[in-house]
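Engineer: File final.cif below, mmCIF, C-alpha atoms and all ligand atoms:
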```
data_protein
loop_
_atom_site.group_PDB
_atom_site.id
_atom_site.type_symbol
_atom_site.label_atom_id
_atom_site.label_comp_id
_atom_site.auth_asym_id
_atom_site.auth_seq_id
_atom_site.Cartn_x
_atom_site.Cartn_y
_atom_site.Cartn_z
ATOM 1 C CA MET A 1 0.000 0.000 0.000
ATOM 2 C CA ASN A 2 1.350 3.342 -1.021
ATOM 3 C CA SER A 3 0.901 5.723 1.880
ATOM 4 C CA ASP A 4 3.227 8.315 0.419
ATOM 5 C CA ASN A 5 1.131 9.625 -2.405
ATOM 6 C CA PHE A 6 1.405 13.408 -2.543
ATOM 7 C CA SER A 7 -0.335 15.429 -5.239
ATOM 8 C CA PRO A 8 -1.825 18.842 -4.420
ATOM 9 C CA THR A 9 -4.192 18.774 -7.386
ATOM 10 C CA LYS A 10 -5.495 15.257 -6.780
ATOM 11 C CA ALA A 11 -5.641 15.717 -3.003
ATOM 12 C CA ASN A 12 -7.583 18.953 -3.346
ATOM 13 C CA ARG A 13 -10.051 17.218 -5.652
ATOM 14 C CA ALA A 14 -10.307 14.256 -3.272
ATOM 15 C CA GLN A 15 -11.083 16.575 -0.355
ATOM 16 C CA ILE A 16 -13.789 18.438 -2.273
ATOM 17 C CA LYS A 17 -15.312 15.088 -3.268
ATOM 18 C CA TYR A 18 -15.178 13.883 0.348
ATOM 19 C CA CYS A 19 -16.923 17.032 1.581
ATOM 20 C CA ASP A 20 -19.508 16.750 -1.157
ATOM 21 C CA GLU A 21 -20.299 13.133 -0.277
ATOM 22 C CA HIS A 22 -20.486 13.881 3.443
ATOM 23 C CA GLU A 23 -22.329 17.157 2.986
ATOM 24 C CA CYS A 24 -19.851 19.209 4.924
ATOM 25 C CA PRO A 25 -18.091 22.451 4.034
ATOM 26 C CA VAL A 26 -14.575 22.469 2.615
ATOM 27 C CA PHE A 27 -12.364 24.091 5.229
ATOM 28 C CA ALA A 28 -9.068 23.476 3.493
ATOM 29 C CA PRO A 29 -7.755 26.364 1.382
ATOM 30 C CA MET A 30 -8.780 26.019 -2.271
ATOM 31 C CA ASN A 31 -5.212 26.323 -3.519
ATOM 32 C CA GLY A 32 -3.912 24.089 -0.709
ATOM 33 C CA VAL A 33 -1.698 26.816 0.677
ATOM 34 C CA CYS A 34 -1.965 27.435 4.408
ATOM 35 C CA TYR A 35 -3.023 30.977 5.289
ATOM 36 C CA ARG A 36 -0.539 31.137 8.128
ATOM 37 C CA CYS A 37 2.667 29.288 7.275
ATOM 38 C CA GLY A 38 2.400 29.445 3.490
ATOM 39 C CA TYR A 39 3.167 25.769 2.975
ATOM 40 C CA ASN A 40 1.006 23.596 0.750
ATOM 41 C CA ILE A 41 -0.916 21.249 3.038
ATOM 42 C CA TYR A 42 -0.885 18.566 0.325
ATOM 43 C CA LEU A 43 2.891 18.514 0.037
ATOM 44 C CA ARG A 44 5.293 16.815 2.358
ATOM 45 C CA THR A 45 7.683 18.671 4.585
ATOM 46 C CA ASN A 46 10.114 17.078 6.961
ATOM 47 C CA GLY A 47 9.363 18.220 10.465
ATOM 48 C CA LYS A 48 11.227 17.341 13.651
ATOM 49 C CA SER A 49 8.752 14.572 14.384
ATOM 50 C CA GLY A 50 8.892 13.162 10.845
ATOM 51 C CA PRO A 51 7.267 13.883 7.511
ATOM 52 C CA ARG A 52 4.138 16.005 7.535
ATOM 53 C CA GLY A 53 1.568 16.708 4.873
ATOM 54 C CA ILE A 54 -1.723 15.320 3.621
ATOM 55 C CA THR A 55 -1.654 12.508 1.081
ATOM 56 C CA VAL A 56 -4.234 11.975 -1.638
ATOM 57 C CA GLU A 57 -5.609 8.997 0.310
ATOM 58 C CA GLU A 58 -5.930 11.043 3.490
ATOM 59 C CA ALA A 59 -7.636 13.907 1.683
ATOM 60 C CA GLY A 60 -10.171 11.434 0.324
ATOM 61 C CA SER A 61 -10.928 9.804 3.665
ATOM 62 C CA ARG A 62 -11.236 12.572 6.229
ATOM 63 C CA LEU A 63 -12.288 16.175 6.678
ATOM 64 C CA ILE A 64 -9.296 18.490 6.746
ATOM 65 C CA THR A 65 -9.714 21.160 9.390
ATOM 66 C CA SER A 66 -6.182 22.246 10.167
ATOM 67 C CA CYS A 67 -2.730 22.653 8.651
ATOM 68 C CA PRO A 68 -0.513 19.576 9.069
ATOM 69 C CA HIS A 69 2.563 21.799 9.134
ATOM 70 C CA CYS A 70 1.799 24.547 11.635
ATOM 71 C CA GLY A 71 -1.470 23.329 13.167
ATOM 72 C CA TYR A 72 -3.431 26.400 12.118
ATOM 73 C CA SER A 73 -7.170 25.754 12.196
ATOM 74 C CA PHE A 74 -9.082 26.477 8.993
ATOM 75 C CA VAL A 75 -12.433 26.228 10.752
ATOM 76 C CA GLU A 76 -12.353 29.631 12.434
HETATM 77 ZN ZN ZN A 101 0.259 26.061 8.185
#
```
Just give me the structure as structure tokens.
Ligand SMILES: [Zn+2]
Structural biologist:
Amino acid sequence: MNSDNFSPTKANRAQIKYCDEHECPVFAPMNGVCYRCGYNIYLRTNGKSGPRGITVEEAGSRLITSCPHCGYSFVE
């Protein structure tokens, strides 16, 4: 199983589809870029505690409410 599948375009589409199917609003930024840290949430960065970022699979299986890089909440 490939758990390392990063693609901002596909992940963004997967998240919109997930929200559509679950009838919930899309909180993640439309261009994938975090409002606070400026990193793309769908790309991997190497943090102190290991790689961070949202894979295509993750974007298609859960509601994204915060930045994986800096923890900024998109809900508020
Ligand atoms: Zn951020």
Engineer: For each of A:Ala11, A:Val75, A:Ile64, A:Cys70, take the minimum atom-to-atom distance to Gly38 (chain A), counting only C-alpha atoms, then give the residue where this is smallest.
Structural biologist: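 Closest to Gly38 (chain A), using only C-alpha atoms: A:Cys70.
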Engineer: Counting all atoms listed in the file, figure out which residue out of A:Thr65, A:Ser73, A:Asn5, A:Ser49 gets nearest to Pro25 (chain A).
Structural biologist: A:Thr65
Engineer: Once the PyMOL selection byres (((not hetatm)) within 8 of (chain A and resi 101)) is applied to the coordinates I shared, what remains selected? I want it as a ChimeraX atom specification.
Structural biologist: /A:33-41,66-72
Engineer: May I have the selected residues written with C-alpha atoms, as a PDB file, keeping the file's coordinate frame?
Structural biologist:
```
ATOM      1  CA  VAL A  33      -1.698  26.816   0.677  1.00  0.00           C
ATOM      2  CA  CYS A  34      -1.965  27.435   4.408  1.00  0.00           C
ATOM      3  CA  TYR A  35      -3.023  30.977   5.289  1.00  0.00           C
ATOM      4  CA  ARG A  36      -0.539  31.137   8.128  1.00  0.00           C
ATOM      5  CA  CYS A  37       2.667  29.288   7.275  1.00  0.00           C
ATOM      6  CA  GLY A  38       2.400  29.445   3.490  1.00  0.00           C
ATOM      7  CA  TYR A  39       3.167  25.769   2.975  1.00  0.00           C
ATOM      8  CA  ASN A  40       1.006  23.596   0.750  1.00  0.00           C
ATOM      9  CA  ILE A  41      -0.916  21.249   3.038  1.00  0.00           C
ATOM     10  CA  SER A  66      -6.182  22.246  10.167  1.00  0.00           C
ATOM     11  CA  CYS A  67      -2.730  22.653   8.651  1.00  0.00           C
ATOM     12  CA  PRO A  68      -0.513  19.576   9.069  1.00  0.00           C
ATOM     13  CA  HIS A  69       2.563  21.799   9.134  1.00  0.00           C
ATOM     14  CA  CYS A  70       1.799  24.547  11.635  1.00  0.00           C
ATOM     15  CA  GLY A  71      -1.470  23.329  13.167  1.00  0.00           C
ATOM     16  CA  TYR A  72      -3.431  26.400  12.118  1.00  0.00           C
TER      17      TYR A  72
END
```
Engineer: Distance CA of Asn12 (chain A)-CA of Phe74 (chain A), one decimal place?
Structural biologist: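 Calculated distance between CA of Asn12 (chain A) and CA of Phe74 (chain A) is 14.5 Å.
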Engineer: Find, counting all atoms listed in the file, the residue in A:Pro8, A:Ala14, A:Asn46, A:Gly53 that gets nearest to Asn31 (chain A).
Structural biologist: A:Pro8
Engineer: Please write out, as AutoDock Vina command-line options, where the centre of an axis-aligned box around all listed atoms of region 1-17 of chain A lies and how long its edges are, in Å to one decimal, after adding 3 Å on each side.
Structural biologist:
```
--center_x -6.0 --center_y 9.5 --center_z -2.8 --size_x 24.5 --size_y 25.0 --size_z 15.3
```
Engineer: For the structure provided, state which residues fall under the PyMOL selection byres (((chain A and resi 20-24) around 12) and not hetatm), and present them as number ranges by chain.
Structural biologist: A: 13-19, 25-28, 60-65, 75
Engineer: Check the smallest atom-to-atom distance from each of A:Glu76, A:Pro29, A:Thr9, A:Asp4 to Glu57 (chain A) using all atoms listed in the file, then report the winner.
Structural biologist: A:Asp4
